[in-house]
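Heads up, coords.txt below (compact mmCIF, C-alpha atoms):
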# COMPACT_ATOMS: atom_id res chain seq x y z
CA MET A 218 34.36 -13.67 -6.46
CA ARG A 219 31.45 -15.08 -4.44
CA ASP A 220 31.04 -17.93 -6.92
CA LEU A 221 34.73 -18.77 -6.68
CA LEU A 222 34.64 -18.80 -2.87
CA GLU A 223 31.51 -20.96 -2.84
CA GLN A 224 33.16 -23.41 -5.23
CA LYS A 225 36.26 -23.62 -3.08
CA LEU A 226 34.27 -24.16 0.11
CA SER A 227 32.14 -26.81 -1.57
CA ARG A 228 35.23 -28.61 -2.85
CA PHE A 229 36.86 -28.39 0.59
CA GLU A 230 33.80 -29.95 2.24
CA GLU A 231 33.68 -32.66 -0.42
CA LEU A 232 37.34 -33.50 0.25
CA GLU A 233 36.68 -33.64 3.99
CA LYS A 234 34.01 -36.28 3.32
CA GLN A 235 36.40 -38.22 1.09
CA LEU A 236 38.95 -38.39 3.91
CA VAL A 237 36.54 -40.61 5.88
CA ASP A 238 35.33 -42.57 2.84
CA PRO A 239 36.41 -46.25 3.13
CA ASP A 240 37.05 -46.45 -0.63
CA VAL A 241 39.46 -43.50 -0.42
CA LEU A 242 41.08 -44.72 2.79
CA SER A 243 41.87 -48.05 1.15
CA ASN A 244 43.85 -46.32 -1.62
CA PRO A 245 47.09 -44.76 -0.27
CA ALA A 246 47.84 -42.80 -3.47
CA ARG A 247 44.36 -41.31 -3.60
CA ILE A 248 44.19 -40.40 0.08
CA SER A 249 47.56 -38.65 -0.28
CA ALA A 250 46.27 -36.60 -3.24
CA VAL A 251 43.00 -35.78 -1.46
CA ALA A 252 44.87 -34.72 1.71
CA ARG A 253 47.22 -32.47 -0.31
CA GLU A 254 44.36 -30.80 -2.14
CA ARG A 255 42.40 -30.33 1.09
CA GLY A 256 45.48 -28.78 2.69
CA SER A 257 45.89 -26.30 -0.17
CA LEU A 258 42.24 -25.18 0.26
CA ALA A 259 42.08 -25.20 4.06
CA LYS A 260 43.04 -21.57 4.81
CA LEU A 261 40.78 -20.08 2.15
CA ALA A 262 37.80 -22.34 2.87
CA THR A 263 37.86 -21.97 6.66
CA LYS A 264 38.21 -18.18 6.37
CA TYR A 265 35.27 -17.98 3.97
CA ARG A 266 33.22 -20.27 6.23
CA ARG A 267 33.92 -17.87 9.11
CA LEU A 268 32.90 -14.91 6.93
CA LYS A 269 29.55 -16.58 6.23
CA GLU A 270 29.06 -17.16 9.95
CA LEU A 271 29.73 -13.47 10.62
CA ASN A 272 27.24 -12.52 7.92
CA ALA A 273 24.61 -14.66 9.63
CA GLN A 274 25.39 -13.04 13.00
CA ILE A 275 25.07 -9.56 11.44
CA VAL A 276 21.66 -10.49 9.99
CA ASP A 277 20.54 -11.72 13.43
CA ALA A 278 21.83 -8.57 15.14
CA THR A 279 20.07 -6.34 12.58
CA GLU A 280 16.81 -8.18 13.19
CA MET A 281 17.22 -7.69 16.96
CA ILE A 282 17.72 -3.95 16.46
CA GLU A 283 14.46 -3.82 14.52
CA GLY A 284 12.69 -6.03 17.06
CA PRO A 285 10.47 -5.09 20.03
CA ASP A 286 12.82 -6.11 22.87
CA PRO A 287 14.75 -2.99 24.10
CA GLU A 288 17.35 -5.05 26.00
CA MET A 289 18.14 -7.19 22.96
CA ARG A 290 18.19 -4.06 20.79
CA GLU A 291 20.80 -2.46 23.05
CA LEU A 292 22.89 -5.63 23.06
CA ALA A 293 22.74 -5.88 19.25
CA LEU A 294 23.62 -2.21 18.76
CA ALA A 295 26.72 -2.70 20.90
CA GLU A 296 27.76 -5.88 19.07
CA LEU A 297 27.05 -4.89 15.45
CA PRO A 298 30.02 -2.51 14.82
CA GLU A 299 32.53 -5.12 16.01
CA LEU A 300 30.92 -7.82 13.86
CA LYS A 301 31.10 -5.58 10.78
CA THR A 302 34.74 -4.68 11.48
CA ARG A 303 35.67 -8.36 11.80
CA ARG A 304 33.74 -9.18 8.64
CA GLU A 305 35.57 -6.45 6.70
CA GLY A 306 38.89 -7.84 7.92
CA TYR A 307 38.02 -11.35 6.74
CA TRP A 308 36.85 -9.98 3.39
CA ASN A 309 40.12 -8.08 2.84
CA GLU A 310 42.13 -11.21 3.70
CA LEU A 311 40.05 -13.26 1.27
CA LEU A 312 40.63 -10.69 -1.48
CA ASP A 313 44.37 -11.02 -0.91
CA MET A 314 44.18 -14.82 -0.87
CA THR A 315 42.31 -14.95 -4.17
CA ILE A 316 44.79 -12.78 -6.11
CA GLY A 317 45.56 -15.03 -9.06
CA GLY A 318 42.13 -16.64 -9.26
CA GLU A 319 41.16 -20.15 -8.38
CA ASP A 320 44.75 -21.46 -8.36
CA ALA A 321 46.03 -18.76 -6.00
CA ASN A 322 46.66 -21.11 -3.10
CA ARG A 323 48.35 -23.94 -4.99
CA THR A 324 51.52 -25.15 -3.30
CA ARG A 325 53.01 -26.84 -6.38
CA LEU A 326 53.61 -25.55 -9.88
CA ILE A 327 55.61 -26.30 -12.99
CA VAL A 328 57.69 -23.68 -14.81
CA GLU A 329 58.79 -23.97 -18.42
CA ILE A 330 61.47 -21.61 -19.80
CA ARG A 331 62.24 -21.63 -23.52
CA ALA A 332 64.85 -19.64 -25.42
CA GLY A 333 63.26 -17.42 -28.06
CA THR A 334 64.76 -15.20 -30.74
CA GLY A 335 68.46 -14.54 -30.38
CA GLY A 336 70.20 -17.89 -30.83
CA ASP A 337 72.95 -18.67 -28.28
CA GLU A 338 72.38 -15.38 -26.47
CA ALA A 339 68.68 -16.25 -25.96
CA ALA A 340 69.69 -19.64 -24.54
CA LEU A 341 72.12 -17.95 -22.13
CA PHE A 342 69.35 -15.60 -21.06
CA ALA A 343 67.02 -18.57 -20.47
CA ARG A 344 69.70 -19.97 -18.16
CA ASP A 345 69.92 -16.61 -16.33
CA LEU A 346 66.15 -16.67 -15.77
CA TYR A 347 66.33 -20.21 -14.41
CA GLU A 348 69.14 -19.22 -12.03
CA MET A 349 67.08 -16.23 -10.86
CA TYR A 350 64.06 -18.41 -10.05
CA LYS A 351 66.28 -21.04 -8.43
CA ARG A 352 67.78 -18.46 -6.06
CA TYR A 353 64.38 -16.91 -5.40
CA ALA A 354 63.06 -20.37 -4.47
CA GLU A 355 66.01 -20.88 -2.12
CA ASN A 356 65.32 -17.50 -0.48
CA ASN A 357 61.72 -18.61 0.18
CA HIS A 358 62.71 -22.12 1.34
CA TRP A 359 60.81 -23.71 -1.55
CA LYS A 360 61.85 -27.02 -3.07
CA LEU A 361 62.90 -26.87 -6.74
CA ASP A 362 63.23 -30.01 -8.84
CA VAL A 363 64.39 -30.04 -12.49
CA MET A 364 62.15 -32.29 -14.60
CA SER A 365 63.67 -31.80 -18.05
CA MET A 366 66.60 -29.80 -19.43
CA ASN A 367 67.93 -29.18 -22.93
CA PRO A 368 71.34 -27.42 -22.61
CA THR A 369 73.53 -25.89 -25.32
CA GLU A 370 77.26 -26.32 -25.83
CA LEU A 371 77.89 -22.74 -24.60
CA GLY A 372 76.15 -23.42 -21.29
CA GLY A 373 72.79 -21.94 -22.18
CA LEU A 374 69.37 -23.61 -22.10
CA LYS A 375 67.16 -24.18 -25.11
CA GLU A 376 64.46 -25.33 -22.68
CA ILE A 377 64.11 -26.26 -19.04
CA ILE A 378 61.11 -27.56 -17.11
CA PHE A 379 61.13 -27.59 -13.33
CA GLU A 380 58.75 -27.96 -10.41
CA VAL A 381 58.56 -25.62 -7.42
CA ASP A 382 56.92 -26.84 -4.23
CA GLY A 383 56.20 -24.69 -1.17
CA GLU A 384 53.92 -22.28 0.65
CA ALA A 385 52.26 -19.69 -1.64
CA VAL A 386 54.44 -20.55 -4.66
CA TYR A 387 51.74 -19.95 -7.25
CA ARG A 388 50.61 -16.66 -5.73
CA HIS A 389 54.18 -15.35 -6.01
CA LEU A 390 55.32 -16.83 -9.32
CA GLN A 391 52.10 -16.59 -11.37
CA TYR A 392 53.13 -13.20 -12.79
CA GLU A 393 56.22 -14.62 -14.52
CA SER A 394 54.28 -16.12 -17.45
CA GLY A 395 54.94 -14.29 -20.70
CA GLY A 396 57.73 -12.98 -22.89
CA HIS A 397 60.97 -11.77 -21.26
CA ARG A 398 63.33 -9.57 -23.32
CA VAL A 399 67.00 -8.94 -22.61
CA GLN A 400 69.23 -6.12 -23.89
CA ARG A 401 72.98 -6.59 -23.36
CA VAL A 402 76.36 -6.89 -25.07
CA PRO A 403 77.14 -10.58 -25.68
CA GLU A 404 80.59 -11.84 -24.69
CA THR A 405 81.19 -12.76 -28.35
CA GLU A 406 80.39 -9.21 -29.56
CA ALA A 407 83.72 -7.62 -30.51
CA LYS A 408 82.34 -4.15 -31.28
CA GLY A 409 80.40 -3.78 -28.04
CA ARG A 410 76.99 -3.54 -29.68
CA ILE A 411 73.89 -4.20 -27.61
CA HIS A 412 71.88 -7.20 -28.76
CA THR A 413 68.23 -7.95 -28.00
CA SER A 414 67.04 -11.51 -27.45
CA ALA A 415 64.13 -13.15 -25.70
CA ALA A 416 62.82 -16.12 -23.74
CA THR A 417 59.31 -17.24 -22.82
CA VAL A 418 58.21 -18.41 -19.40
CA ALA A 419 55.10 -20.44 -18.60
CA VAL A 420 54.01 -20.90 -14.98
CA MET A 421 51.40 -23.63 -14.59
CA ALA A 422 49.60 -24.68 -11.44
CA GLU A 423 50.11 -28.40 -10.87
CA PRO A 424 46.81 -30.21 -10.28
CA GLU A 425 46.33 -33.18 -8.00
CA ASP A 426 45.91 -36.64 -9.51
CA VAL A 427 42.22 -36.62 -8.58
CA GLU A 428 41.61 -33.42 -10.59
CA VAL A 429 42.99 -34.58 -13.93
CA GLU A 430 42.77 -38.30 -14.57
CA ILE A 431 45.01 -39.77 -17.29
CA LYS A 432 44.63 -43.39 -18.36
CA PRO A 433 47.32 -45.38 -20.21
CA ASP A 434 45.00 -45.59 -23.22
CA ASP A 435 44.96 -41.76 -23.43
CA TYR A 436 48.55 -41.43 -24.63
CA ARG A 437 51.36 -43.11 -26.58
CA ARG A 438 54.62 -43.79 -24.76
CA ASP A 439 57.95 -43.80 -26.60
CA ILE A 440 61.25 -44.75 -24.96
CA PHE A 441 64.56 -43.43 -26.32
CA HIS A 442 68.18 -42.75 -25.36
CA ALA A 443 68.76 -39.52 -23.45
CA SER A 444 71.25 -37.19 -25.13
CA GLY A 445 73.07 -34.01 -24.24
CA PRO A 446 74.22 -30.99 -26.25
CA GLY A 447 75.64 -31.83 -29.67
CA GLY A 448 74.04 -35.27 -29.64
CA GLN A 449 76.36 -36.68 -26.98
CA HIS A 450 74.71 -39.54 -25.12
CA VAL A 451 74.10 -38.97 -21.43
CA ASN A 452 73.63 -42.69 -20.82
CA LYS A 453 73.64 -45.87 -22.85
CA THR A 454 70.28 -47.20 -21.68
CA ALA A 455 66.92 -46.22 -23.12
CA SER A 456 65.63 -44.25 -20.13
CA ALA A 457 64.15 -41.08 -21.70
CA VAL A 458 60.37 -40.97 -22.04
CA ARG A 459 58.14 -39.18 -24.55
CA LEU A 460 54.37 -39.08 -24.08
CA THR A 461 51.94 -38.04 -26.81
CA HIS A 462 48.39 -37.30 -25.65
CA TYR A 463 46.00 -38.45 -28.36
CA GLU A 464 43.09 -36.06 -27.83
CA SER A 465 45.02 -32.81 -27.29
CA GLY A 466 48.17 -33.57 -29.31
CA ILE A 467 50.32 -32.42 -26.35
CA VAL A 468 53.82 -33.97 -26.40
CA VAL A 469 55.97 -34.23 -23.25
CA SER A 470 59.56 -35.50 -22.99
CA CYS A 471 61.57 -36.16 -19.83
CA GLN A 472 65.17 -37.43 -19.82
CA ASP A 473 66.81 -35.81 -16.80
CA GLU A 474 66.72 -38.95 -14.65
CA LYS A 475 68.74 -42.11 -15.34
CA SER A 476 65.71 -44.19 -14.36
CA GLN A 477 63.02 -44.76 -16.99
CA HIS A 478 60.47 -45.14 -14.19
CA LYS A 479 61.33 -41.72 -12.70
CA ASN A 480 61.25 -40.04 -16.12
CA MET A 481 57.85 -41.62 -16.76
CA ALA A 482 56.50 -40.29 -13.45
CA LYS A 483 57.79 -36.78 -14.21
CA ALA A 484 56.44 -36.85 -17.78
CA LEU A 485 52.98 -37.79 -16.49
CA ARG A 486 53.04 -34.89 -14.04
CA VAL A 487 54.02 -32.43 -16.78
CA LEU A 488 51.34 -33.84 -19.09
CA ARG A 489 48.70 -33.61 -16.37
CA THR A 490 49.73 -30.00 -15.68
CA ARG A 491 49.58 -29.00 -19.34
CA LEU A 492 46.13 -30.59 -19.73
CA TYR A 493 44.95 -28.71 -16.65
CA GLU A 494 46.42 -25.46 -17.99
CA ALA A 495 44.67 -25.97 -21.35
CA LYS A 496 41.38 -26.45 -19.52
CA GLN A 497 41.98 -23.31 -17.43
CA GLU A 498 42.90 -21.26 -20.51
CA GLU A 499 39.65 -22.25 -22.17
CA GLU A 500 37.68 -21.18 -19.10
CA HIS A 501 39.65 -17.90 -18.92
CA ARG A 502 38.81 -17.18 -22.55
CA LYS A 503 35.13 -17.61 -21.77
CA ARG A 504 35.45 -15.11 -18.92
CA SER A 505 37.94 -12.78 -20.60
CA ASP A 506 35.52 -9.84 -20.76
CA GLU A 507 35.12 -10.02 -16.99
CA ARG A 508 38.86 -9.67 -16.29
CA LYS A 509 40.04 -6.06 -16.38
CA SER A 510 43.70 -6.59 -15.52
CA LYS A 511 46.22 -8.43 -17.66
CA VAL A 512 48.56 -8.94 -14.71
CA GLY A 513 48.98 -12.66 -14.25
CA SER A 514 46.94 -13.52 -17.33
CA GLY A 515 49.61 -15.99 -18.39
CA ASP A 516 49.61 -15.03 -22.07
CA ARG A 517 52.99 -16.27 -23.34
CA SER A 518 52.84 -14.06 -26.43
CA GLN A 519 52.65 -10.94 -24.27
CA ARG A 520 56.00 -9.19 -23.67
CA ILE A 521 55.89 -8.58 -19.95
CA ARG A 522 59.40 -7.49 -19.00
CA THR A 523 62.69 -6.04 -20.27
CA TYR A 524 66.09 -6.72 -18.68
CA ASN A 525 68.57 -3.99 -19.70
CA PHE A 526 72.09 -4.88 -18.57
CA PRO A 527 73.96 -1.68 -19.60
CA GLU A 528 71.58 0.40 -17.46
CA ASN A 529 71.19 -2.25 -14.72
CA ARG A 530 67.46 -1.81 -15.30
CA LEU A 531 64.42 -4.08 -15.16
CA THR A 532 61.07 -2.77 -16.47
CA ASP A 533 57.76 -4.54 -16.06
CA HIS A 534 55.55 -3.29 -18.89
CA ARG A 535 52.25 -4.46 -17.37
CA ILE A 536 52.46 -1.99 -14.49
CA ASN A 537 54.91 0.41 -16.18
CA LYS A 538 57.37 0.23 -13.30
CA THR A 539 61.19 0.21 -13.42
CA TRP A 540 63.88 -0.93 -10.95
CA TYR A 541 67.56 0.02 -11.29
CA GLN A 542 68.86 -3.03 -9.47
CA LEU A 543 68.85 -5.71 -12.15
CA ASP A 544 71.96 -7.40 -10.75
CA SER A 545 70.26 -7.86 -7.37
CA ILE A 546 67.04 -9.14 -8.94
CA LEU A 547 68.89 -11.70 -11.08
CA ALA A 548 70.67 -12.81 -7.90
CA GLY A 549 67.29 -13.96 -6.59
CA ASN A 550 65.93 -10.78 -4.98
CA LEU A 551 62.74 -10.84 -7.04
CA GLN A 552 60.45 -9.96 -4.12
CA PRO A 553 60.18 -6.17 -4.82
CA VAL A 554 58.93 -6.93 -8.34
CA VAL A 555 56.51 -9.60 -7.10
CA GLU A 556 55.15 -7.33 -4.37
CA ALA A 557 54.56 -4.50 -6.86
CA LEU A 558 52.61 -6.84 -9.16
CA MET A 559 50.60 -8.23 -6.25
CA GLU A 560 49.76 -4.72 -5.03
CA TYR A 561 48.62 -3.74 -8.53
CA GLU A 562 46.27 -6.71 -8.71
CA ARG A 563 45.17 -6.15 -5.10
CA GLN A 564 43.98 -2.66 -6.09
CA GLU A 565 42.22 -4.15 -9.12
CA GLN A 566 40.45 -6.58 -6.78
CA ARG A 567 39.42 -3.77 -4.45
CA ALA A 568 38.01 -1.74 -7.35
CA ALA A 569 36.12 -4.71 -8.75
CA PHE A 570 34.65 -6.13 -5.54
CA GLY A 571 34.76 -3.27 -3.04
CA THR A 572 33.68 -3.99 0.50
CA VAL A 573 31.65 -6.94 1.72
CA GLY A 574 28.84 -4.91 3.25
Produce structure tokens that represent the structure in this file.
Amino acid sequence: MRDLLEQKLSRFEELEKQLVDPDVLSNPARISAVARERGSLAKLATKYRRLKELNAQIVDATEMIEGPDPEMRELALAELPELKTRREGYWNELLDMTIGGEDANRTRLIVEIRAGTGGDEAALFARDLYEMYKRYAENNHWKLDVMSMNPTELGGLKEIIFEVDGEAVYRHLQYESGGHRVQRVPETEAKGRIHTSAATVAVMAEPEDVEVEIKPDDYRRDIFHASGPGGQHVNKTASAVRLTHYESGIVVSCQDEKSQHKNMAKALRVLRTRLYEAKQEEEHRKRSDERKSKVGSGDRSQRIRTYNFPENRLTDHRINKTWYQLDSILAGNLQPVVEALMEYERQEQRAAFGTVG
């Protein structure tokens, strides 16, 4: 925890220096990226800086109490309880702000939803999940932008990739990564039998350009015609873009825009995000023994949730909690689930790090 906060403060101070660096100021794209990253760190870094200042004041006050001057001792004795109370408040706020680890305060992320087992029903469920997140984003006044979509003829989604941009988006959506299972009677089921199908969700913090640098020599670019379900062409110009990253083997395709330039820009952002996620996963594996809770671990193979339509029930298996208001949750009212997951991890944080004193 301390190491993470020190790293964030150090990075914040480094970015502040870059904002007055002539080399950075002469590059509009870089200064924009630096300013965005600094903004995402500002609340956490300034709060931690204030906590350190309070710690220093508490040390000074303690020394005065142990010193020879009775007047200074009395002054310090009167001041010390308030300083400790304020410090505890800052510490609790920092614990809340760091739920989700080093990416907790990211304001941009990319979500990938893929239909799993279950054929057409799984694709329809993937669409339902997308609609749920779309409405949840609207409720929170976040901006949602579709980057790539692969629809089916029945109106489902084999895959969809979209970006969400707004205050505290990662802190709220980080828990959605994993396997989602649905139990319901498909419209095509004549005998009314309940079917089980699944979809996977990946929530990835989107890094700034300055954090993950990608050069044109690092990937192969292929241009092709965008197509819709059943092979029907969406447009007659070669505007879709596929990027293959040589070192990692990661492949990204974007075809949602009619402009090749826009698809290229989106594909690069998805590629940069996936490279950043791969780096984070490697670091998480190295620290896996230190992490007690699996909430928000982002393991896509882990089944995290079941959506049972006949019982109007949603169960989150990580915290073993059930809500009987599935219809409301799918309509975008995901906040009760998010708050329960955040509270669970908040208690884990409290147990692991305790008080600051």
Residue neighbourhood Gln274 in chain A, 10 Å, all atoms listed in the file, exclusion window fewer than 2 positions, as a ChimeraX atom specification: /A:268-272,276-280,293,296-297,300-301
Counting only C-alpha atoms, the option among A:Ala385, A:Val241, A:Ile330, A:Met314 closest to His397 in chain A: A:Ile330
Test item: which residues lie within 12 Å of (45.4, -28.2, 0.6) counting all atoms listed in the file, as a ChimeraX atom specification: /A:225-226,228-230,232-233,249-263,320-325,383-385,424-425
Selection: 10 Å around Asn356 in chain A, all atoms listed in the file, excl. self and same-chain fewer than 5 positions, as a PyMOL selection string: chain A and resi 350-351+549-552
Selection: 8 Å around range 359-363 of chain A, only C-alpha atoms, excl. self and same-chain fewer than 6 positions, as a ChimeraX atom specification: /A:351,377-384,386,473
Test item: residues at most 12 Å from range 521-536 of chain A, only C-alpha atoms, excluding those fewer than 3 positions along its chain, as a PyMOL selection string: chain A and resi 342+345-346+392-403+409-419+510-518+539-547+551+553-562+564-565
Residues from last step as file, C-alpha atoms, as an mmCIF file, in the frame of the given file:
data_model
loop_
_atom_site.group_PDB
_atom_site.id
_atom_site.type_symbol
_atom_site.label_atom_id
_atom_site.label_comp_id
_atom_site.auth_asym_id
_atom_site.auth_seq_id
_atom_site.Cartn_x
_atom_site.Cartn_y
_atom_site.Cartn_z
ATOM 1 C CA PHE A 342 69.350 -15.600 -21.060
ATOM 2 C CA ASP A 345 69.920 -16.610 -16.330
ATOM 3 C CA LEU A 346 66.150 -16.670 -15.770
ATOM 4 C CA TYR A 392 53.130 -13.200 -12.790
ATOM 5 C CA GLU A 393 56.220 -14.620 -14.520
ATOM 6 C CA SER A 394 54.280 -16.120 -17.450
ATOM 7 C CA GLY A 395 54.940 -14.290 -20.700
ATOM 8 C CA GLY A 396 57.730 -12.980 -22.890
ATOM 9 C CA HIS A 397 60.970 -11.770 -21.260
ATOM 10 C CA ARG A 398 63.330 -9.570 -23.320
ATOM 11 C CA VAL A 399 67.000 -8.940 -22.610
ATOM 12 C CA GLN A 400 69.230 -6.120 -23.890
ATOM 13 C CA ARG A 401 72.980 -6.590 -23.360
ATOM 14 C CA VAL A 402 76.360 -6.890 -25.070
ATOM 15 C CA PRO A 403 77.140 -10.580 -25.680
ATOM 16 C CA GLY A 409 80.400 -3.780 -28.040
ATOM 17 C CA ARG A 410 76.990 -3.540 -29.680
ATOM 18 C CA ILE A 411 73.890 -4.200 -27.610
ATOM 19 C CA HIS A 412 71.880 -7.200 -28.760
ATOM 20 C CA THR A 413 68.230 -7.950 -28.000
ATOM 21 C CA SER A 414 67.040 -11.510 -27.450
ATOM 22 C CA ALA A 415 64.130 -13.150 -25.700
ATOM 23 C CA ALA A 416 62.820 -16.120 -23.740
ATOM 24 C CA THR A 417 59.310 -17.240 -22.820
ATOM 25 C CA VAL A 418 58.210 -18.410 -19.400
ATOM 26 C CA ALA A 419 55.100 -20.440 -18.600
ATOM 27 C CA SER A 510 43.700 -6.590 -15.520
ATOM 28 C CA LYS A 511 46.220 -8.430 -17.660
ATOM 29 C CA VAL A 512 48.560 -8.940 -14.710
ATOM 30 C CA GLY A 513 48.980 -12.660 -14.250
ATOM 31 C CA SER A 514 46.940 -13.520 -17.330
ATOM 32 C CA GLY A 515 49.610 -15.990 -18.390
ATOM 33 C CA ASP A 516 49.610 -15.030 -22.070
ATOM 34 C CA ARG A 517 52.990 -16.270 -23.340
ATOM 35 C CA SER A 518 52.840 -14.060 -26.430
ATOM 36 C CA THR A 539 61.190 0.210 -13.420
ATOM 37 C CA TRP A 540 63.880 -0.930 -10.950
ATOM 38 C CA TYR A 541 67.560 0.020 -11.290
ATOM 39 C CA GLN A 542 68.860 -3.030 -9.470
ATOM 40 C CA LEU A 543 68.850 -5.710 -12.150
ATOM 41 C CA ASP A 544 71.960 -7.400 -10.750
ATOM 42 C CA SER A 545 70.260 -7.860 -7.370
ATOM 43 C CA ILE A 546 67.040 -9.140 -8.940
ATOM 44 C CA LEU A 547 68.890 -11.700 -11.080
ATOM 45 C CA LEU A 551 62.740 -10.840 -7.040
ATOM 46 C CA PRO A 553 60.180 -6.170 -4.820
ATOM 47 C CA VAL A 554 58.930 -6.930 -8.340
ATOM 48 C CA VAL A 555 56.510 -9.600 -7.100
ATOM 49 C CA GLU A 556 55.150 -7.330 -4.370
ATOM 50 C CA ALA A 557 54.560 -4.500 -6.860
ATOM 51 C CA LEU A 558 52.610 -6.840 -9.160
ATOM 52 C CA MET A 559 50.600 -8.230 -6.250
ATOM 53 C CA GLU A 560 49.760 -4.720 -5.030
ATOM 54 C CA TYR A 561 48.620 -3.740 -8.530
ATOM 55 C CA GLU A 562 46.270 -6.710 -8.710
ATOM 56 C CA GLN A 564 43.980 -2.660 -6.090
ATOM 57 C CA GLU A 565 42.220 -4.150 -9.120
#
Answer as a PDB file with C-alpha atoms, in the coordinates of the input, residues within 7 Å of (64.5, -22.5, -21.3) using only C-alpha atoms:
ATOM      1  CA  GLU A 329      58.790 -23.970 -18.420  1.00  0.00           C
ATOM      2  CA  ILE A 330      61.470 -21.610 -19.800  1.00  0.00           C
ATOM      3  CA  ARG A 331      62.240 -21.630 -23.520  1.00  0.00           C
ATOM      4  CA  ALA A 332      64.850 -19.640 -25.420  1.00  0.00           C
ATOM      5  CA  ALA A 340      69.690 -19.640 -24.540  1.00  0.00           C
ATOM      6  CA  ALA A 343      67.020 -18.570 -20.470  1.00  0.00           C
ATOM      7  CA  ARG A 344      69.700 -19.970 -18.160  1.00  0.00           C
ATOM      8  CA  LEU A 374      69.370 -23.610 -22.100  1.00  0.00           C
ATOM      9  CA  LYS A 375      67.160 -24.180 -25.110  1.00  0.00           C
ATOM     10  CA  GLU A 376      64.460 -25.330 -22.680  1.00  0.00           C
ATOM     11  CA  ILE A 377      64.110 -26.260 -19.040  1.00  0.00           C
TER      12      ILE A 377
END
Long-range neighbours of range 477-486 of chain A as a ChimeraX atom specification, 8 Å cut-off, all atoms listed in the file, 4 positions minimum in chain: /A:364,423,455-460,469-473,490
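Distance annotation: of A:Ala422, A:Val429, A:Leu294, A:Ile440, the residue with the minimal separation from Leu326 in chain A is A:Ala422; atom set is all atoms listed in the file.
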